[in-house]
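J.: After the structure tokens below, expect a handful of questions from me.
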Amino acid sequence: MNKTIRRASVFTLVLVFALLVRATWVQFYDGQALADDKDNRRNAIQTYAGPLGNIIVAGEAVTGSARTKGSDLAYKRTYKDGELYAAVTGYASQAYAPTQLEGIYEDLLNGTDPQLRTVMDTVTDQRADPGDVITTIDPDVQKAGYEALGDNKGAAVAMDPKTGKILAVVSTPSYDPASLTDANTAGTAWKKLTGDAEKPLTNRALRQPLPPGSTFKLVVASAALEDGLYSSVDERTDSPDPYTLPGTVTPLSNENPDAPCENATIRVALQYSCNNVFGKMAVDLGQDKVRAMAEKFGFDDDEQDVPVRAYTSVYPEDMDEAQTGLSGIGQFDVTATPLQMAMVSAALANGGELVSPHMVAQTTDSGGDVLKDYDEDAETKRIVSADTAEQLRSAMETVVEKGTGSNARIDGATVGGKTGTAQHGENNSKTPYAWFTSWATDDSTGEQVAVAVMVEQSDAARSEVSGNGLAAPVAKAMMRAALDD
């Protein structure tokens with residue numbers, strides 16, 4: 001063989017080898033990447049080739065599937081009471097990535113979750129029948145919160161302190177997930193929803209932390225009692241009125257200038273929401289001790305899954321003493337979600353123990369067999385001592401019976417709460433946020449519920465914006481619905 005033929009043969013063999021390597025690479029590496037690509041329409045065709053599994057509330061499906069016409073996507077998602085449950089379900093769309101429970105359990109609901117595969121499915125390589133998601137949501141509590149918030153922009157979360165079950169997740173204004181399900185019409189709906197200044201797609205209950213205002217005083221009081229700074233909610237504090245923030249000439253004023261806030265006890269300070277008491281208390285404790293208590297309740301947890309990932313509620317670091325004082329009244333850079341503030345009330349209502357909040361009870365296969373039981377897996381952590389919890393429950397009762405939370409009273413139930421009005425905008429130039437966090441115990445049955453409500457914006461005059469005026473009635477409606485079940 002002459003040199004030219006030999007070189008051509010070697011070159012041809014190299015090309016053949018390169019083609020084999022490339023084909024193997026595409027088949028076993030790029031092939032999977034292409035198969036998993038969100039823009040691969042075959043995935044959508046497979047997902048919507050049959051009916052999806054369902055999200056269940058109180059034994060009834062709040063989702064469904066409908067046959068389509070003239071499309072290679074055989075089915076589309078449907079919703080019952082879509083706007084009511086949007087903050088729970090999210091949406092499953094032929095055009096956009098799924099959200100909320102639809103997104104968390106996408107594989108379960110479309111039948112591709114490996115847990116669903118039977119031996120026959122493996123042999124035939126067929127998609128398994130989809131499973132279902134059983135929620136902890138109580139429809140009466142969900143509806144009560146949604147209707148009570150009405151046209152206000154806000155959110156509410158209710159949970160059972162003894163079990164950690166989330167009974168309601170409400171966010172207003174809401175949207176109809178059904179508007180996003182059909183690929184032919186989803187684009188128009190998406191443009192309208194994302195362009196809406198009211199941001200209806202935002203889950204304000206779980207994913208929009210805002211300054212919690214005076215509801216955060218429960219965390220500061222917990223730190224003071226646990227640390228031994230004060231031995232009782234009825235011990236007088238060292239709290240001048242007015243209290244000047246350290247290193248400044250700025251007095252920390254109280255909403256009610258006639259309130260008996262000078263050297264007030266924790267009970268009285270919660271009853272009248274005395275800023276001077278809790279601002280100085282935070283400074284006396286120091287930011288590290290307040291932060292340690294806040295983190296025990298769940299602040300600064302960037303993996304708070306219920307199972308939807310909640311945005312982190314924050315207690316800030318590296319503050320000076322004046323900023324620490326402001327943090328003691330839930331201002332400066334303190335932020336919280338309604339979920340987080342419901343967790344605070346739930347822990348106090350449950351004797352100082354927090355059961356991990358969750359809004360899914362079980363996942364099941366198509367035959368109803370349980371794949372995972374979240375109720376059984378719920379963890380319990382001690383946040384404060386039973387004595388501290390009992391004292392703060394008593395003080396929260398005083399807030400409702402004699403103080404700023406009177407609109408939360410319920411006949412036949414013992415109710416404790418804490419109001420909050422958080423400043424918004426530079427120099428408090430915008431309408432404040434109204435908060436209320438609370439718990440209630442049925443005097444006859446002992447059943448409990450904890451609720452947190454945040455009203456971000458309403459039609460009320462600025463002078464009428466308060467936790468008691470706007471948020472407490474929503475909490476009352478939800479607590480009453482929970483206890484009446």
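Labels used: A, B, ... for chains in the order of the structure tokens, numbers from 1 for residues in each chain, and numbers from 1 for ligands as shown.
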Quick one: residues within 8 Å of range 442-453 of chain A, only C-alpha atoms counted, chain neighbours fewer than 2 positions away excluded, as a ChimeraX atom specification?
T.: /A:154-162,338-339,341-343,345-346,349,412-414,435-440,455,471-472,474-475,478-479,482-483
J.: Show me, as a PyMOL selection string, the residues that have an atom within 9 Å of Asp305 in chain A when counting only C-alpha atoms, minus same-chain residues fewer than 3 positions from it.
T.: chain A and resi 302+308-310+357-358
J.: Pull the strand (DSSP E) assignments for range 140-368 of chain A out of DSSP run on the backbone, and list those residues as a ChimeraX atom specification.
T.: /A:153-159,166-172,243-244,251-252,353-355,360-364
J.: Export, as an mmCIF file, in the first residue's frame, the selected residues with N, CA, C and O atoms.
T.:
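That gives us selection.cif:
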data_model
loop_
_atom_site.group_PDB
_atom_site.id
_atom_site.type_symbol
_atom_site.label_atom_id
_atom_site.label_comp_id
_atom_site.auth_asym_id
_atom_site.auth_seq_id
_atom_site.Cartn_x
_atom_site.Cartn_y
_atom_site.Cartn_z
ATOM 1 N N LYS A 153 -55.709 44.253 49.323
ATOM 2 C CA LYS A 153 -54.492 43.552 48.931
ATOM 3 C C LYS A 153 -53.850 43.018 50.213
ATOM 4 O O LYS A 153 -53.511 43.790 51.113
ATOM 5 N N GLY A 154 -53.716 41.702 50.314
ATOM 6 C CA GLY A 154 -53.171 41.147 51.551
ATOM 7 C C GLY A 154 -53.057 39.648 51.508
ATOM 8 O O GLY A 154 -53.128 39.025 50.437
ATOM 9 N N ALA A 155 -52.893 39.060 52.693
ATOM 10 C CA ALA A 155 -52.698 37.614 52.770
ATOM 11 C C ALA A 155 -53.007 37.132 54.174
ATOM 12 O O ALA A 155 -52.998 37.912 55.136
ATOM 13 N N ALA A 156 -53.260 35.831 54.282
ATOM 14 C CA ALA A 156 -53.535 35.221 55.579
ATOM 15 C C ALA A 156 -53.142 33.752 55.553
ATOM 16 O O ALA A 156 -53.243 33.091 54.515
ATOM 17 N N VAL A 157 -52.692 33.276 56.698
ATOM 18 C CA VAL A 157 -52.357 31.859 56.878
ATOM 19 C C VAL A 157 -52.976 31.389 58.185
ATOM 20 O O VAL A 157 -52.900 32.088 59.197
ATOM 21 N N ALA A 158 -53.610 30.223 58.155
ATOM 22 C CA ALA A 158 -54.145 29.599 59.365
ATOM 23 C C ALA A 158 -53.531 28.224 59.508
ATOM 24 O O ALA A 158 -53.344 27.518 58.510
ATOM 25 N N MET A 159 -53.211 27.837 60.739
ATOM 26 C CA MET A 159 -52.643 26.511 60.963
ATOM 27 C C MET A 159 -53.099 25.948 62.300
ATOM 28 O O MET A 159 -53.500 26.690 63.202
ATOM 29 N N ILE A 166 -51.480 23.217 57.865
ATOM 30 C CA ILE A 166 -51.898 24.528 57.382
ATOM 31 C C ILE A 166 -53.330 24.415 56.878
ATOM 32 O O ILE A 166 -53.619 23.614 55.981
ATOM 33 N N LEU A 167 -54.213 25.195 57.452
ATOM 34 C CA LEU A 167 -55.641 25.109 57.148
ATOM 35 C C LEU A 167 -56.065 26.071 56.038
ATOM 36 O O LEU A 167 -57.106 25.871 55.419
ATOM 37 N N ALA A 168 -55.282 27.117 55.840
ATOM 38 C CA ALA A 168 -55.634 28.096 54.797
ATOM 39 C C ALA A 168 -54.383 28.852 54.370
ATOM 40 O O ALA A 168 -53.531 29.178 55.204
ATOM 41 N N VAL A 169 -54.292 29.112 53.079
ATOM 42 C CA VAL A 169 -53.263 29.981 52.505
ATOM 43 C C VAL A 169 -53.990 30.896 51.530
ATOM 44 O O VAL A 169 -54.399 30.467 50.449
ATOM 45 N N VAL A 170 -54.155 32.149 51.918
ATOM 46 C CA VAL A 170 -54.965 33.087 51.140
ATOM 47 C C VAL A 170 -54.100 34.254 50.693
ATOM 48 O O VAL A 170 -53.323 34.800 51.483
ATOM 49 N N SER A 171 -54.226 34.642 49.435
ATOM 50 C CA SER A 171 -53.512 35.794 48.911
ATOM 51 C C SER A 171 -54.446 36.554 47.990
ATOM 52 O O SER A 171 -55.056 35.969 47.090
ATOM 53 N N THR A 172 -54.573 37.862 48.230
ATOM 54 C CA THR A 172 -55.450 38.693 47.397
ATOM 55 C C THR A 172 -54.699 39.939 46.931
ATOM 56 O O THR A 172 -53.850 40.457 47.664
ATOM 57 N N TYR A 243 -38.532 57.112 75.017
ATOM 58 C CA TYR A 243 -37.241 56.448 74.981
ATOM 59 C C TYR A 243 -36.491 56.938 73.761
ATOM 60 O O TYR A 243 -36.979 56.822 72.631
ATOM 61 N N THR A 244 -35.321 57.511 73.988
ATOM 62 C CA THR A 244 -34.514 58.022 72.878
ATOM 63 C C THR A 244 -33.597 56.928 72.377
ATOM 64 O O THR A 244 -32.857 56.308 73.160
ATOM 65 N N PRO A 251 -36.706 60.268 69.540
ATOM 66 C CA PRO A 251 -37.503 59.520 70.511
ATOM 67 C C PRO A 251 -38.330 58.441 69.805
ATOM 68 O O PRO A 251 -38.816 58.652 68.686
ATOM 69 N N LEU A 252 -38.446 57.288 70.454
ATOM 70 C CA LEU A 252 -39.285 56.215 69.915
ATOM 71 C C LEU A 252 -40.685 56.434 70.471
ATOM 72 O O LEU A 252 -40.985 56.097 71.612
ATOM 73 N N GLU A 353 -43.998 24.777 71.838
ATOM 74 C CA GLU A 353 -43.477 23.853 70.844
ATOM 75 C C GLU A 353 -44.059 24.154 69.466
ATOM 76 O O GLU A 353 -45.263 24.379 69.340
ATOM 77 N N LEU A 354 -43.189 24.150 68.452
ATOM 78 C CA LEU A 354 -43.620 24.413 67.079
ATOM 79 C C LEU A 354 -43.577 23.126 66.277
ATOM 80 O O LEU A 354 -42.536 22.495 66.141
ATOM 81 N N VAL A 355 -44.742 22.727 65.777
ATOM 82 C CA VAL A 355 -44.827 21.577 64.874
ATOM 83 C C VAL A 355 -44.644 22.102 63.453
ATOM 84 O O VAL A 355 -45.288 23.078 63.061
ATOM 85 N N VAL A 360 -49.567 19.783 52.854
ATOM 86 C CA VAL A 360 -49.862 18.508 52.212
ATOM 87 C C VAL A 360 -49.863 17.430 53.276
ATOM 88 O O VAL A 360 -48.894 17.286 54.036
ATOM 89 N N ALA A 361 -50.972 16.694 53.364
ATOM 90 C CA ALA A 361 -51.076 15.613 54.344
ATOM 91 C C ALA A 361 -50.447 14.341 53.807
ATOM 92 O O ALA A 361 -49.671 13.676 54.510
ATOM 93 N N GLN A 362 -50.767 14.010 52.553
ATOM 94 C CA GLN A 362 -50.277 12.765 51.957
ATOM 95 C C GLN A 362 -50.166 12.919 50.444
ATOM 96 O O GLN A 362 -50.835 13.762 49.841
ATOM 97 N N THR A 363 -49.325 12.090 49.857
ATOM 98 C CA THR A 363 -49.380 11.862 48.416
ATOM 99 C C THR A 363 -49.760 10.400 48.214
ATOM 100 O O THR A 363 -49.356 9.530 48.991
ATOM 101 N N THR A 364 -50.553 10.141 47.176
ATOM 102 C CA THR A 364 -51.040 8.783 46.935
ATOM 103 C C THR A 364 -50.846 8.403 45.477
ATOM 104 O O THR A 364 -50.717 9.272 44.603
#
J.: Quick one: residues within 12 Å of Asp318 in chain A, only C-alpha atoms, excluding same-chain residues fewer than 5 positions away - as a ChimeraX atom specification?
T.: /A:286-288,291,323-324,327,333
J.: Let's have the selection written as a PDB file, in the first residue's frame, with C-alpha atoms.
T.:
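Written output follows (out-v4.pdb):
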ATOM      1  CA  GLY A 286     -28.694  42.954  72.270  1.00  0.00           C
ATOM      2  CA  GLN A 287     -29.272  41.987  68.661  1.00  0.00           C
ATOM      3  CA  ASP A 288     -27.635  38.552  69.025  1.00  0.00           C
ATOM      4  CA  ARG A 291     -31.816  37.115  66.560  1.00  0.00           C
ATOM      5  CA  GLN A 323     -31.232  50.071  64.580  1.00  0.00           C
ATOM      6  CA  THR A 324     -31.517  47.261  67.123  1.00  0.00           C
ATOM      7  CA  SER A 327     -35.854  46.051  65.113  1.00  0.00           C
ATOM      8  CA  ASP A 333     -34.874  45.676  58.111  1.00  0.00           C
TER       9      ASP A 333
END
J.: Measuring atom to atom with only C-alpha atoms, identify which of A:Val334, A:Val249, A:Met359, A:Ala18 is nearest to Ala87 in chain A.
T.: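 Using only C-alpha atoms, the shortest distance to Ala87 in chain A belongs to A:Met359.
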J.: Can you pull out the residues contacting Val400 in chain A? Cut-off 10 Å, using only C-alpha atoms, and skip same-chain residues under 3 positions away; I want them as JSON, numbers by chain.
T.: {"A": [271, 395, 396, 397, 403, 404, 405, 406, 407, 408, 409, 410, 414, 415, 416, 417, 418, 419, 438, 468, 472]}
J.: For CA of Tyr85 in chain A and CA of Glu60 in chain A, determine how far apart the two atoms are, in Å to one decimal place.
T.: 12.7 Å
J.: Taking the DSSP assignment computed from this structure's backbone, write out as a PyMOL selection string all residues of range 206-352 of chain A that belong to helix (DSSP H, G or I).
T.: chain A and resi 213-227+266-272+275-285+287-297+321-327+338-349
J.: Which neighbours of range 44-58 of chain A fall inside 6 Å, counting only C-alpha atoms, when residues of the same chain fewer than 3 positions from it are skipped, and could you give them as a PDB file with all heavy atoms, in the first residue's frame?
T.:
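Okay, this is what ended up in out.pdb:
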ATOM      1  N   ARG A  41     -41.308  19.979  22.677  1.00  0.00           N
ATOM      2  CA  ARG A  41     -42.761  19.837  22.687  1.00  0.00           C
ATOM      3  C   ARG A  41     -43.205  18.408  22.978  1.00  0.00           C
ATOM      4  O   ARG A  41     -44.318  18.174  23.457  1.00  0.00           O
ATOM      5  CB  ARG A  41     -43.352  20.315  21.362  1.00  0.00           C
ATOM      6  CG  ARG A  41     -44.889  20.396  21.385  1.00  0.00           C
ATOM      7  CD  ARG A  41     -45.432  21.211  20.268  1.00  0.00           C
ATOM      8  NE  ARG A  41     -46.881  21.243  20.284  1.00  0.00           N
ATOM      9  CZ  ARG A  41     -47.604  22.057  21.052  1.00  0.00           C
ATOM     10  NH1 ARG A  41     -46.999  22.884  21.895  1.00  0.00           N
ATOM     11  NH2 ARG A  41     -48.924  22.036  21.012  1.00  0.00           N
ATOM     12  N   ALA A  61     -61.627  16.932  44.751  1.00  0.00           N
ATOM     13  CA  ALA A  61     -60.623  17.488  43.844  1.00  0.00           C
ATOM     14  C   ALA A  61     -60.958  18.939  43.508  1.00  0.00           C
ATOM     15  O   ALA A  61     -62.093  19.245  43.153  1.00  0.00           O
ATOM     16  CB  ALA A  61     -60.550  16.658  42.570  1.00  0.00           C
ATOM     17  N   VAL A  62     -59.956  19.813  43.630  1.00  0.00           N
ATOM     18  CA  VAL A  62     -60.146  21.205  43.206  1.00  0.00           C
ATOM     19  C   VAL A  62     -59.462  21.432  41.861  1.00  0.00           C
ATOM     20  O   VAL A  62     -59.396  22.553  41.368  1.00  0.00           O
ATOM     21  CB  VAL A  62     -59.614  22.200  44.263  1.00  0.00           C
ATOM     22  CG1 VAL A  62     -60.403  22.075  45.547  1.00  0.00           C
ATOM     23  CG2 VAL A  62     -58.114  21.993  44.514  1.00  0.00           C
ATOM     24  N   THR A  63     -58.955  20.329  41.282  1.00  0.00           N
ATOM     25  CA  THR A  63     -58.388  20.368  39.942  1.00  0.00           C
ATOM     26  C   THR A  63     -59.062  19.283  39.106  1.00  0.00           C
ATOM     27  O   THR A  63     -59.733  18.402  39.638  1.00  0.00           O
ATOM     28  CB  THR A  63     -56.876  20.103  39.966  1.00  0.00           C
ATOM     29  OG1 THR A  63     -56.646  18.828  40.591  1.00  0.00           O
ATOM     30  CG2 THR A  63     -56.127  21.171  40.730  1.00  0.00           C
ATOM     31  N   SER A  65     -59.138  17.617  34.619  1.00  0.00           N
ATOM     32  CA  SER A  65     -58.559  17.623  33.276  1.00  0.00           C
ATOM     33  C   SER A  65     -59.692  17.571  32.263  1.00  0.00           C
ATOM     34  O   SER A  65     -60.688  16.879  32.472  1.00  0.00           O
ATOM     35  CB  SER A  65     -57.632  16.429  33.069  1.00  0.00           C
ATOM     36  OG  SER A  65     -56.515  16.489  33.924  1.00  0.00           O
ATOM     37  N   LEU A  73     -51.958  18.334  22.067  1.00  0.00           N
ATOM     38  CA  LEU A  73     -51.999  18.191  23.524  1.00  0.00           C
ATOM     39  C   LEU A  73     -53.420  17.744  23.876  1.00  0.00           C
ATOM     40  O   LEU A  73     -54.357  18.540  23.842  1.00  0.00           O
ATOM     41  CB  LEU A  73     -51.649  19.510  24.212  1.00  0.00           C
ATOM     42  CG  LEU A  73     -50.288  20.119  23.813  1.00  0.00           C
ATOM     43  CD1 LEU A  73     -50.088  21.451  24.496  1.00  0.00           C
ATOM     44  CD2 LEU A  73     -49.161  19.163  24.134  1.00  0.00           C
ATOM     45  N   ALA A  74     -53.569  16.469  24.209  1.00  0.00           N
ATOM     46  CA  ALA A  74     -54.900  15.863  24.291  1.00  0.00           C
ATOM     47  C   ALA A  74     -55.744  16.401  25.437  1.00  0.00           C
ATOM     48  O   ALA A  74     -56.976  16.430  25.343  1.00  0.00           O
ATOM     49  CB  ALA A  74     -54.768  14.345  24.410  1.00  0.00           C
ATOM     50  N   TYR A  75     -55.088  16.818  26.534  1.00  0.00           N
ATOM     51  CA  TYR A  75     -55.832  17.290  27.702  1.00  0.00           C
ATOM     52  C   TYR A  75     -55.244  18.606  28.207  1.00  0.00           C
ATOM     53  O   TYR A  75     -54.089  18.944  27.918  1.00  0.00           O
ATOM     54  CB  TYR A  75     -55.769  16.254  28.843  1.00  0.00           C
ATOM     55  CG  TYR A  75     -56.625  15.039  28.604  1.00  0.00           C
ATOM     56  CD1 TYR A  75     -56.142  13.978  27.839  1.00  0.00           C
ATOM     57  CD2 TYR A  75     -57.909  14.950  29.127  1.00  0.00           C
ATOM     58  CE1 TYR A  75     -56.921  12.854  27.605  1.00  0.00           C
ATOM     59  CE2 TYR A  75     -58.699  13.830  28.902  1.00  0.00           C
ATOM     60  CZ  TYR A  75     -58.204  12.785  28.141  1.00  0.00           C
ATOM     61  OH  TYR A  75     -58.980  11.690  27.916  1.00  0.00           O
ATOM     62  N   LEU A 109     -48.128  14.173  39.538  1.00  0.00           N
ATOM     63  CA  LEU A 109     -49.410  14.475  38.912  1.00  0.00           C
ATOM     64  C   LEU A 109     -49.454  14.113  37.432  1.00  0.00           C
ATOM     65  O   LEU A 109     -50.536  13.924  36.880  1.00  0.00           O
ATOM     66  CB  LEU A 109     -49.730  15.967  39.097  1.00  0.00           C
ATOM     67  CG  LEU A 109     -49.996  16.396  40.552  1.00  0.00           C
ATOM     68  CD1 LEU A 109     -50.004  17.917  40.672  1.00  0.00           C
ATOM     69  CD2 LEU A 109     -51.315  15.818  41.060  1.00  0.00           C
ATOM     70  N   ASN A 110     -48.293  14.020  36.768  1.00  0.00           N
ATOM     71  CA  ASN A 110     -48.321  13.624  35.356  1.00  0.00           C
ATOM     72  C   ASN A 110     -47.907  12.173  35.137  1.00  0.00           C
ATOM     73  O   ASN A 110     -47.835  11.702  33.991  1.00  0.00           O
ATOM     74  CB  ASN A 110     -47.484  14.575  34.493  1.00  0.00           C
ATOM     75  CG  ASN A 110     -45.987  14.486  34.764  1.00  0.00           C
ATOM     76  OD1 ASN A 110     -45.455  13.465  35.196  1.00  0.00           O
ATOM     77  ND2 ASN A 110     -45.296  15.586  34.486  1.00  0.00           N
ATOM     78  N   PRO A 130     -51.242   8.622  36.983  1.00  0.00           N
ATOM     79  CA  PRO A 130     -50.801   9.687  37.893  1.00  0.00           C
ATOM     80  C   PRO A 130     -51.355   9.516  39.302  1.00  0.00           C
ATOM     81  O   PRO A 130     -52.375   8.856  39.515  1.00  0.00           O
ATOM     82  CB  PRO A 130     -51.350  10.953  37.234  1.00  0.00           C
ATOM     83  CG  PRO A 130     -52.509  10.490  36.419  1.00  0.00           C
ATOM     84  CD  PRO A 130     -52.152   9.122  35.929  1.00  0.00           C
ATOM     85  N   GLY A 131     -50.656  10.133  40.253  1.00  0.00           N
ATOM     86  CA  GLY A 131     -51.086  10.111  41.643  1.00  0.00           C
ATOM     87  C   GLY A 131     -51.799  11.399  42.026  1.00  0.00           C
ATOM     88  O   GLY A 131     -51.996  12.302  41.203  1.00  0.00           O
ATOM     89  N   ASP A 132     -52.179  11.497  43.293  1.00  0.00           N
ATOM     90  CA  ASP A 132     -52.901  12.663  43.816  1.00  0.00           C
ATOM     91  C   ASP A 132     -52.156  13.283  44.989  1.00  0.00           C
ATOM     92  O   ASP A 132     -51.364  12.628  45.669  1.00  0.00           O
ATOM     93  CB  ASP A 132     -54.302  12.262  44.274  1.00  0.00           C
ATOM     94  CG  ASP A 132     -55.193  11.816  43.128  1.00  0.00           C
ATOM     95  OD1 ASP A 132     -55.009  12.325  42.002  1.00  0.00           O
ATOM     96  OD2 ASP A 132     -56.072  10.957  43.359  1.00  0.00           O
ATOM     97  N   VAL A 133     -52.453  14.564  45.240  1.00  0.00           N
ATOM     98  CA  VAL A 133     -51.894  15.305  46.367  1.00  0.00           C
ATOM     99  C   VAL A 133     -53.035  15.649  47.317  1.00  0.00           C
ATOM    100  O   VAL A 133     -53.972  16.362  46.936  1.00  0.00           O
ATOM    101  CB  VAL A 133     -51.196  16.595  45.887  1.00  0.00           C
ATOM    102  CG1 VAL A 133     -50.671  17.393  47.081  1.00  0.00           C
ATOM    103  CG2 VAL A 133     -50.058  16.268  44.924  1.00  0.00           C
ATOM    104  N   ILE A 134     -52.968  15.125  48.538  1.00  0.00           N
ATOM    105  CA  ILE A 134     -54.012  15.365  49.545  1.00  0.00           C
ATOM    106  C   ILE A 134     -53.558  16.502  50.441  1.00  0.00           C
ATOM    107  O   ILE A 134     -52.561  16.381  51.165  1.00  0.00           O
ATOM    108  CB  ILE A 134     -54.261  14.106  50.412  1.00  0.00           C
ATOM    109  CG1 ILE A 134     -54.339  12.842  49.536  1.00  0.00           C
ATOM    110  CG2 ILE A 134     -55.507  14.281  51.255  1.00  0.00           C
ATOM    111  CD1 ILE A 134     -55.433  12.844  48.522  1.00  0.00           C
ATOM    112  N   THR A 135     -54.255  17.622  50.400  1.00  0.00           N
ATOM    113  CA  THR A 135     -53.831  18.790  51.178  1.00  0.00           C
ATOM    114  C   THR A 135     -54.438  18.779  52.581  1.00  0.00           C
ATOM    115  O   THR A 135     -55.370  18.019  52.881  1.00  0.00           O
ATOM    116  CB  THR A 135     -54.241  20.102  50.488  1.00  0.00           C
ATOM    117  OG1 THR A 135     -55.664  20.293  50.620  1.00  0.00           O
ATOM    118  CG2 THR A 135     -53.861  20.098  49.015  1.00  0.00           C
ATOM    119  N   ILE A 137     -55.692  21.641  53.677  1.00  0.00           N
ATOM    120  CA  ILE A 137     -56.512  22.861  53.625  1.00  0.00           C
ATOM    121  C   ILE A 137     -57.953  22.570  54.047  1.00  0.00           C
ATOM    122  O   ILE A 137     -58.558  21.584  53.617  1.00  0.00           O
ATOM    123  CB  ILE A 137     -56.494  23.463  52.206  1.00  0.00           C
ATOM    124  CG1 ILE A 137     -55.054  23.820  51.799  1.00  0.00           C
ATOM    125  CG2 ILE A 137     -57.397  24.687  52.127  1.00  0.00           C
ATOM    126  CD1 ILE A 137     -54.383  24.847  52.661  1.00  0.00           C
TER     127      ILE A 137
END
J.: Could you pull the residues within 9 Å of Arg117 in chain A, counting only C-alpha atoms, minus those fewer than 5 positions along the same chain, as a ChimeraX atom specification?
T.: /A:111-112,122,126-129
J.: Write out the residues from the selection above, keeping C-alpha atoms, as a short mmCIF file (atom, residue, chain, number, x, y, z; two decimals), in the first residue's frame.
T.:
data_model
loop_
_atom_site.label_atom_id
_atom_site.label_comp_id
_atom_site.auth_asym_id
_atom_site.auth_seq_id
_atom_site.Cartn_x
_atom_site.Cartn_y
_atom_site.Cartn_z
CA GLY A 111 -47.34 10.04 36.13
CA THR A 112 -43.57 10.25 35.60
CA THR A 122 -41.19 -0.86 33.60
CA GLN A 126 -45.39 3.14 29.67
CA ARG A 127 -46.19 6.19 31.76
CA ALA A 128 -47.75 5.20 35.06
CA ASP A 129 -51.21 6.32 36.09
#
J.: Skipping near chain neighbours, those fewer than 5 positions away, what residues fall within 12 Å of Ser214 in chain A using only C-alpha atoms, listed as a ChimeraX atom specification?
T.: /A:219-221,254-255,269-279,326-331,334-336,341,404,417-423,433-437,466-468
J.: Considering only C-alpha atoms, state which residue in the set A:Lys217, A:Thr248, A:Asp238, A:Ala66 is at the smallest distance from Asp284 in chain A.
T.: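 Under the stated criterion, the closest residue is A:Asp238.
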